[in-house]
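Text of the file input-v8.cif, holding mmCIF, C-alpha atoms and all ligand atoms:
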```cif
data_protein
loop_
_atom_site.label_atom_id
_atom_site.label_comp_id
_atom_site.auth_asym_id
_atom_site.auth_seq_id
_atom_site.Cartn_x
_atom_site.Cartn_y
_atom_site.Cartn_z
CA MET A 26 -15.94 -9.48 2.64
CA PRO A 27 -13.81 -9.03 5.77
CA MET A 28 -10.20 -7.95 5.54
CA THR A 29 -7.77 -10.84 5.62
CA LEU A 30 -4.24 -10.96 6.92
CA VAL A 31 -1.63 -12.84 4.90
CA THR A 32 2.04 -13.40 5.58
CA ALA A 33 3.62 -13.35 2.15
CA ASP A 34 5.88 -11.74 -0.39
CA ILE A 35 3.38 -9.33 -1.97
CA THR A 36 4.98 -9.76 -5.40
CA ARG A 37 3.65 -13.34 -5.46
CA LEU A 38 -0.01 -12.46 -4.98
CA ALA A 39 -2.24 -13.00 -8.01
CA LEU A 40 -4.85 -10.34 -7.29
CA ASP A 41 -6.31 -7.48 -9.30
CA ALA A 42 -3.88 -5.07 -7.62
CA ILE A 43 -1.04 -4.93 -5.17
CA VAL A 44 -0.06 -1.71 -3.46
CA ASN A 45 3.49 -0.41 -3.57
CA ALA A 46 4.91 1.63 -0.68
CA ALA A 47 6.84 3.98 -2.93
CA ASN A 48 8.55 7.37 -2.67
CA PRO A 49 7.32 10.55 -4.38
CA GLY A 50 9.55 10.11 -7.44
CA LEU A 51 8.05 6.69 -8.18
CA LEU A 52 11.28 5.53 -9.78
CA GLY A 53 11.93 2.62 -7.45
CA GLY A 54 13.78 2.20 -4.19
CA GLY A 55 14.44 -0.43 -1.55
CA GLY A 56 12.07 -2.59 0.51
CA VAL A 57 8.80 -3.61 -1.06
CA ASP A 58 9.26 -1.00 -3.80
CA GLY A 59 12.51 -2.64 -4.93
CA ALA A 60 10.95 -6.10 -4.77
CA ILE A 61 7.96 -5.02 -6.87
CA HIS A 62 10.14 -3.39 -9.52
CA ARG A 63 12.42 -6.44 -9.70
CA ALA A 64 9.48 -8.80 -10.09
CA ALA A 65 7.55 -6.61 -12.56
CA GLY A 66 10.56 -5.95 -14.79
CA PRO A 67 11.81 -2.75 -16.46
CA ALA A 68 8.45 -1.96 -18.09
CA LEU A 69 7.18 -0.91 -14.67
CA LEU A 70 9.91 1.69 -14.31
CA ALA A 71 9.11 3.02 -17.80
CA ALA A 72 5.41 3.26 -16.91
CA CYS A 73 6.20 5.10 -13.69
CA ARG A 74 8.56 7.48 -15.48
CA ALA A 75 5.73 8.27 -17.92
CA LEU A 76 3.45 9.45 -15.09
CA PRO A 77 3.35 13.24 -14.98
CA GLU A 78 5.36 15.14 -12.38
CA VAL A 79 3.19 17.40 -10.24
CA SER A 80 6.29 19.29 -9.11
CA PRO A 81 9.95 18.67 -9.92
CA GLY A 82 10.74 15.02 -9.13
CA VAL A 83 7.30 14.37 -7.58
CA ARG A 84 4.95 12.03 -9.42
CA CYS A 85 2.95 11.09 -6.34
CA PRO A 86 2.75 13.38 -3.31
CA THR A 87 2.53 11.77 0.15
CA GLY A 88 -0.95 10.45 0.83
CA GLU A 89 -1.89 10.09 -2.85
CA ALA A 90 -1.86 7.08 -5.20
CA ARG A 91 -1.15 6.30 -8.86
CA MET A 92 -1.88 3.16 -10.85
CA THR A 93 0.16 1.27 -13.46
CA PRO A 94 -0.12 -2.17 -15.02
CA GLY A 95 1.60 -5.02 -13.17
CA PHE A 96 3.67 -6.16 -16.18
CA GLY A 97 5.63 -9.28 -15.10
CA LEU A 98 3.78 -9.57 -11.78
CA PRO A 99 0.95 -12.01 -11.19
CA ALA A 100 -1.11 -8.97 -10.10
CA ARG A 101 -2.82 -7.09 -12.95
CA PHE A 102 -2.08 -3.65 -11.54
CA VAL A 103 0.22 -1.90 -9.12
CA ILE A 104 -1.21 0.96 -7.11
CA HIS A 105 1.69 3.11 -5.96
CA THR A 106 1.22 5.20 -2.86
CA VAL A 107 3.58 7.25 -0.74
CA GLY A 108 3.29 6.90 2.99
CA PRO A 109 4.46 9.50 5.48
CA VAL A 110 7.92 9.43 7.02
CA TRP A 111 7.54 9.00 10.79
CA HIS A 112 8.57 12.17 12.62
CA GLY A 113 7.25 11.23 16.07
CA GLY A 114 3.53 11.29 15.39
CA HIS A 115 2.77 15.02 15.60
CA ALA A 116 3.42 15.90 11.97
CA GLY A 117 0.13 14.69 10.54
CA GLU A 118 1.43 11.17 9.98
CA ALA A 119 -1.81 9.38 10.88
CA GLU A 120 -3.91 11.59 8.62
CA LEU A 121 -1.49 11.07 5.72
CA LEU A 122 -1.29 7.32 6.24
CA GLY A 123 -5.10 7.04 6.34
CA ARG A 124 -5.23 9.02 3.10
CA CYS A 125 -2.90 6.48 1.43
CA TYR A 126 -5.27 3.61 2.19
CA ARG A 127 -8.32 5.58 1.10
CA ALA A 128 -6.64 6.76 -2.13
CA CYS A 129 -5.64 3.20 -3.08
CA ILE A 130 -9.11 1.85 -2.40
CA GLY A 131 -10.57 4.79 -4.33
CA LEU A 132 -8.52 3.86 -7.41
CA ALA A 133 -9.47 0.19 -7.02
CA ILE A 134 -13.17 1.04 -6.92
CA GLU A 135 -12.92 3.55 -9.77
CA ASN A 136 -11.31 0.86 -11.93
CA LYS A 137 -13.79 -1.82 -10.88
CA LEU A 138 -11.14 -4.03 -9.28
CA HIS A 139 -12.24 -6.79 -6.94
CA SER A 140 -9.12 -7.64 -4.96
CA ILE A 141 -6.21 -5.66 -3.55
CA ALA A 142 -3.33 -6.35 -1.19
CA PHE A 143 -1.53 -3.76 0.93
CA PRO A 144 1.95 -4.01 2.40
CA ALA A 145 2.57 -2.33 5.76
CA ILE A 146 2.93 1.14 4.24
CA SER A 147 5.55 3.32 6.00
CA CYS A 148 6.49 0.53 8.45
CA GLY A 149 9.96 -0.08 6.97
CA VAL A 150 12.41 2.62 5.89
CA TYR A 151 9.87 5.35 6.75
CA GLY A 152 9.88 4.26 10.41
CA TYR A 153 6.16 4.30 11.31
CA PRO A 154 5.56 2.21 14.47
CA PRO A 155 3.74 -0.84 13.10
CA ASP A 156 1.13 -1.09 15.88
CA GLN A 157 0.08 2.52 15.30
CA ALA A 158 0.17 2.12 11.52
CA ALA A 159 -2.02 -0.97 11.75
CA THR A 160 -4.63 0.86 13.82
CA VAL A 161 -4.78 3.72 11.31
CA ALA A 162 -4.88 1.38 8.30
CA ILE A 163 -7.59 -0.86 9.69
CA ALA A 164 -9.81 2.07 10.71
CA ALA A 165 -9.49 3.63 7.23
CA LEU A 166 -10.18 0.34 5.48
CA ARG A 167 -13.15 -0.58 7.69
CA ASP A 168 -14.64 2.77 6.85
CA VAL A 169 -14.47 2.15 3.10
CA LEU A 170 -15.51 -1.48 3.36
CA ALA A 171 -18.69 -0.41 5.10
CA THR A 172 -19.92 0.80 1.71
CA HIS A 173 -17.90 -1.53 -0.58
CA ALA A 174 -18.37 -4.83 1.17
CA LYS A 175 -17.51 -6.97 -1.85
CA LEU A 176 -13.92 -5.79 -2.18
CA ASP A 177 -11.36 -8.44 -1.19
CA VAL A 178 -8.77 -6.55 0.88
CA GLN A 179 -5.65 -8.37 2.01
CA LEU A 180 -3.18 -7.01 4.51
CA CYS A 181 0.14 -8.47 3.48
CA CYS A 182 2.80 -8.76 6.18
CA PHE A 183 6.24 -9.82 5.13
CA ASP A 184 7.10 -11.75 8.28
CA ASP A 185 5.52 -13.35 11.35
CA ARG A 186 6.54 -10.55 13.71
CA MET A 187 4.72 -7.95 11.62
CA ALA A 188 1.76 -10.28 11.12
CA ALA A 189 1.39 -10.73 14.90
CA ILE A 190 1.23 -6.95 15.36
CA TRP A 191 -1.39 -6.54 12.64
CA ARG A 192 -3.40 -9.50 13.93
CA ARG A 193 -3.61 -7.84 17.36
CA ALA A 194 -4.86 -4.64 15.73
CA LEU A 195 -7.46 -6.54 13.72
CA ASN A 196 -8.71 -8.53 16.70
CA PRO A 197 -8.01 -6.51 19.85
CA ALA A 198 -8.45 -8.57 23.05
N1 LIG B 201 6.25 -8.20 0.36
C1 LIG B 201 5.54 -7.68 1.39
N2 LIG B 201 6.03 -6.79 2.26
C2 LIG B 201 7.33 -6.41 2.10
C3 LIG B 201 8.15 -6.89 1.06
C4 LIG B 201 7.56 -7.82 0.16
N3 LIG B 201 8.24 -8.34 -0.86
N4 LIG B 201 9.37 -6.32 1.17
C5 LIG B 201 9.34 -5.52 2.24
N5 LIG B 201 8.10 -5.56 2.82
P1 LIG B 201 9.34 -0.37 3.09
P2 LIG B 201 8.18 2.30 3.64
C6 LIG B 201 7.60 -4.87 4.01
O1 LIG B 201 10.63 0.06 3.67
O2 LIG B 201 8.48 2.17 5.08
C7 LIG B 201 11.49 2.38 -0.35
O3 LIG B 201 12.85 2.55 -0.60
C8 LIG B 201 8.62 -4.39 5.01
O4 LIG B 201 9.03 -5.47 5.85
O5 LIG B 201 9.35 -1.15 1.82
O6 LIG B 201 6.84 2.81 3.21
C9 LIG B 201 10.62 3.35 -1.11
O7 LIG B 201 11.16 3.66 -2.37
C10 LIG B 201 7.81 -3.34 5.78
O8 LIG B 201 7.02 -3.99 6.79
O9 LIG B 201 8.36 0.92 2.82
C11 LIG B 201 10.57 4.54 -0.20
O10 LIG B 201 11.72 5.34 -0.36
C12 LIG B 201 6.86 -2.79 4.71
O11 LIG B 201 6.95 -3.69 3.60
C13 LIG B 201 10.60 3.92 1.17
O12 LIG B 201 11.25 2.65 1.03
C14 LIG B 201 7.18 -1.39 4.23
O13 LIG B 201 8.58 -1.20 4.22
C15 LIG B 201 9.21 3.66 1.71
O14 LIG B 201 9.31 3.21 3.02
#
```
Would you give me this structure, written as structure tokens?
Ligand code: AR6
Amino acid sequence: MPMTLVTADITRLALDAIVNAANPGLLGGGGVDGAIHRAAGPALLAACRALPEVSPGVRCPTGEARMTPGFGLPARFVIHTVGPVWHGGHAGEAELLGRCYRACIGLAIENKLHSIAFPAISCGVYGYPPDQAATVAIAALRDVLATHAKLDVQLCCFDDRMAAIWRRALNPA
């Protein structure tokens, strides 16, 4: 199945999993993280709090992923990942961002999920230039989809401006 681009509020998508662009503490925040916690309800925060810390205050290091139920969301699960903060592009950002996509897909496959939607990880508060993020994301996803062709992967952009950038990366002229 090819990747599809959707312009939507990710909290409305009734898929097996939606991905949350979280921070290492996994206790909520702004942007898509805040929207997901609001829509899922307080049980999501409790489930995140119950995830073990790997170091003080860190439940999910950058580039990794953790899974919880979706609670009040139409999606069955939330896969939380932590994208890199943009520091200009020479601090391993692309490698870390690629790892986020691969880790989320890895969890989806491990748990036999069939559909997953990603927001534009790191493209908000974390400042990653969206055109560069899209290129990294699409390359990482194409790689995995080469061996897991049945997975339904949706790239969820919140607005038309972001969708146009991701569409160009999906279908370069
Ligand atoms: N549905 C889909 N996409 C959304 C939604 C939504 N409901 N809301 C925002 N976006 P950001 P980051 C888009 O800042 O850059 C949080 O505070 C948004 O337009 O949510 O990875 C966390 O706790 C942008 O394109 O995530 C972390 O501290 C994209 O989602 C930090 O922000 C990602 O923007 C993570 O920053």
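One finds atom CA of A:Asn48 at 14.6 Å from atom CA of A:Leu69.
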Using only C-alpha atoms and all ligand atoms, determine which residues fall within 10 Å of ligand LIG 201 (chain B), then list them as a PDB file with C-alpha atoms, in the coordinates of the input.
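Generated output (part.pdb):
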```
ATOM      1  CA  VAL A  31      -1.630 -12.840   4.900  1.00  0.00           C
ATOM      2  CA  THR A  32       2.040 -13.400   5.580  1.00  0.00           C
ATOM      3  CA  ALA A  33       3.620 -13.350   2.150  1.00  0.00           C
ATOM      4  CA  ASP A  34       5.880 -11.740  -0.390  1.00  0.00           C
ATOM      5  CA  ILE A  35       3.380  -9.330  -1.970  1.00  0.00           C
ATOM      6  CA  THR A  36       4.980  -9.760  -5.400  1.00  0.00           C
ATOM      7  CA  ARG A  37       3.650 -13.340  -5.460  1.00  0.00           C
ATOM      8  CA  LEU A  38      -0.010 -12.460  -4.980  1.00  0.00           C
ATOM      9  CA  ILE A  43      -1.040  -4.930  -5.170  1.00  0.00           C
ATOM     10  CA  VAL A  44      -0.060  -1.710  -3.460  1.00  0.00           C
ATOM     11  CA  ASN A  45       3.490  -0.410  -3.570  1.00  0.00           C
ATOM     12  CA  ALA A  46       4.910   1.630  -0.680  1.00  0.00           C
ATOM     13  CA  ALA A  47       6.840   3.980  -2.930  1.00  0.00           C
ATOM     14  CA  ASN A  48       8.550   7.370  -2.670  1.00  0.00           C
ATOM     15  CA  PRO A  49       7.320  10.550  -4.380  1.00  0.00           C
ATOM     16  CA  GLY A  50       9.550  10.110  -7.440  1.00  0.00           C
ATOM     17  CA  LEU A  51       8.050   6.690  -8.180  1.00  0.00           C
ATOM     18  CA  LEU A  52      11.280   5.530  -9.780  1.00  0.00           C
ATOM     19  CA  GLY A  53      11.930   2.620  -7.450  1.00  0.00           C
ATOM     20  CA  GLY A  54      13.780   2.200  -4.190  1.00  0.00           C
ATOM     21  CA  GLY A  55      14.440  -0.430  -1.550  1.00  0.00           C
ATOM     22  CA  GLY A  56      12.070  -2.590   0.510  1.00  0.00           C
ATOM     23  CA  VAL A  57       8.800  -3.610  -1.060  1.00  0.00           C
ATOM     24  CA  ASP A  58       9.260  -1.000  -3.800  1.00  0.00           C
ATOM     25  CA  GLY A  59      12.510  -2.640  -4.930  1.00  0.00           C
ATOM     26  CA  ALA A  60      10.950  -6.100  -4.770  1.00  0.00           C
ATOM     27  CA  ILE A  61       7.960  -5.020  -6.870  1.00  0.00           C
ATOM     28  CA  ARG A  63      12.420  -6.440  -9.700  1.00  0.00           C
ATOM     29  CA  ALA A  64       9.480  -8.800 -10.090  1.00  0.00           C
ATOM     30  CA  THR A 106       1.220   5.200  -2.860  1.00  0.00           C
ATOM     31  CA  VAL A 107       3.580   7.250  -0.740  1.00  0.00           C
ATOM     32  CA  GLY A 108       3.290   6.900   2.990  1.00  0.00           C
ATOM     33  CA  PRO A 109       4.460   9.500   5.480  1.00  0.00           C
ATOM     34  CA  VAL A 110       7.920   9.430   7.020  1.00  0.00           C
ATOM     35  CA  TRP A 111       7.540   9.000  10.790  1.00  0.00           C
ATOM     36  CA  LEU A 122      -1.290   7.320   6.240  1.00  0.00           C
ATOM     37  CA  ALA A 142      -3.330  -6.350  -1.190  1.00  0.00           C
ATOM     38  CA  PHE A 143      -1.530  -3.760   0.930  1.00  0.00           C
ATOM     39  CA  PRO A 144       1.950  -4.010   2.400  1.00  0.00           C
ATOM     40  CA  ALA A 145       2.570  -2.330   5.760  1.00  0.00           C
ATOM     41  CA  ILE A 146       2.930   1.140   4.240  1.00  0.00           C
ATOM     42  CA  SER A 147       5.550   3.320   6.000  1.00  0.00           C
ATOM     43  CA  CYS A 148       6.490   0.530   8.450  1.00  0.00           C
ATOM     44  CA  GLY A 149       9.960  -0.080   6.970  1.00  0.00           C
ATOM     45  CA  VAL A 150      12.410   2.620   5.890  1.00  0.00           C
ATOM     46  CA  TYR A 151       9.870   5.350   6.750  1.00  0.00           C
ATOM     47  CA  GLY A 152       9.880   4.260  10.410  1.00  0.00           C
ATOM     48  CA  TYR A 153       6.160   4.300  11.310  1.00  0.00           C
ATOM     49  CA  PRO A 154       5.560   2.210  14.470  1.00  0.00           C
ATOM     50  CA  PRO A 155       3.740  -0.840  13.100  1.00  0.00           C
ATOM     51  CA  LEU A 180      -3.180  -7.010   4.510  1.00  0.00           C
ATOM     52  CA  CYS A 181       0.140  -8.470   3.480  1.00  0.00           C
ATOM     53  CA  CYS A 182       2.800  -8.760   6.180  1.00  0.00           C
ATOM     54  CA  PHE A 183       6.240  -9.820   5.130  1.00  0.00           C
ATOM     55  CA  ASP A 184       7.100 -11.750   8.280  1.00  0.00           C
ATOM     56  CA  ARG A 186       6.540 -10.550  13.710  1.00  0.00           C
ATOM     57  CA  MET A 187       4.720  -7.950  11.620  1.00  0.00           C
ATOM     58  CA  ALA A 188       1.760 -10.280  11.120  1.00  0.00           C
TER      59      ALA A 188
END
```
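Atom CA of A:Ala128 sits 19.2 Å away from atom CA of A:Gln157.
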Practice task
Determine the nearest neighbour of A:Ala100 from the options A:Leu30, A:Ala39, A:Ile141, A:Ala174, counting only C-alpha atoms.
Solution key: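 Using only C-alpha atoms, the shortest distance to A:Ala100 belongs to A:Ala39.
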Exercise for the section: Tell me which protein, DNA and RNA residues are within 10 Å of A:Lys175, counting all atoms listed in the file, leaving out same-chain ones fewer than 4 positions away, and put them as a VMD selection string. Expected result: chain A and resid 26 to 27 139 to 140 170 to 171
Problem - Counting all atoms listed in the file, the option among A:Leu195, A:Thr93, A:Pro86, A:Asp185 closest to A:Arg74 - result: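 Counting all atoms listed in the file, the residue closest to A:Arg74 is A:Thr93.
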Exercise for the section: Record the distance separating atom CA of A:Ile104 and atom CA of A:Gly123, expressed in Å with one decimal. Expected result: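 A separation of 15.3 Å between them.
Counting all atoms listed in the file, the residue from A:Leu176, A:Ala198, A:Ala68, A:Ala90 that sits nearest to A:Tyr126 is A:Ala90.
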Handout entry: Among listed residues A:Met92, A:Thr160, A:Ala194, A:His62, nearest A:Leu76 (using all atoms listed in the file)
Key =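 Comparing A:Met92, A:Thr160, A:Ala194, A:His62 against A:Leu76, the winner is A:Met92.
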Handout entry: Residues within 6 Å of (7.1, -8.2, -15.2), file coords, only C-alpha atoms, listed as an MDAnalysis selection string
Key = chainID A and resid 64:66 96:98
Box for stretch 180-197 of chain A - axis-aligned, 4 Å on each of the six sides, all listed atoms - centre and size in Å to one decimal, as JSON.
```
{"center_x": -0.8, "center_y": -9.0, "center_z": 11.7, "size_x": 23.8, "size_y": 16.7, "size_z": 24.4}
```
Exercise for the section: Select, from A:Val83, A:Arg167, A:Ala162, A:Asp177, the residue with the minimum atom-to-atom distance to A:Trp191, counting all atoms listed in the file. Expected result: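 So, comparing all the options, the nearest one is A:Ala162.
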Problem - Option closest in space to A:Val161, from A:Arg84, A:Arg91, A:Arg124, A:His112 [counting only C-alpha atoms] - result: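 Closest candidate: A:Arg124.
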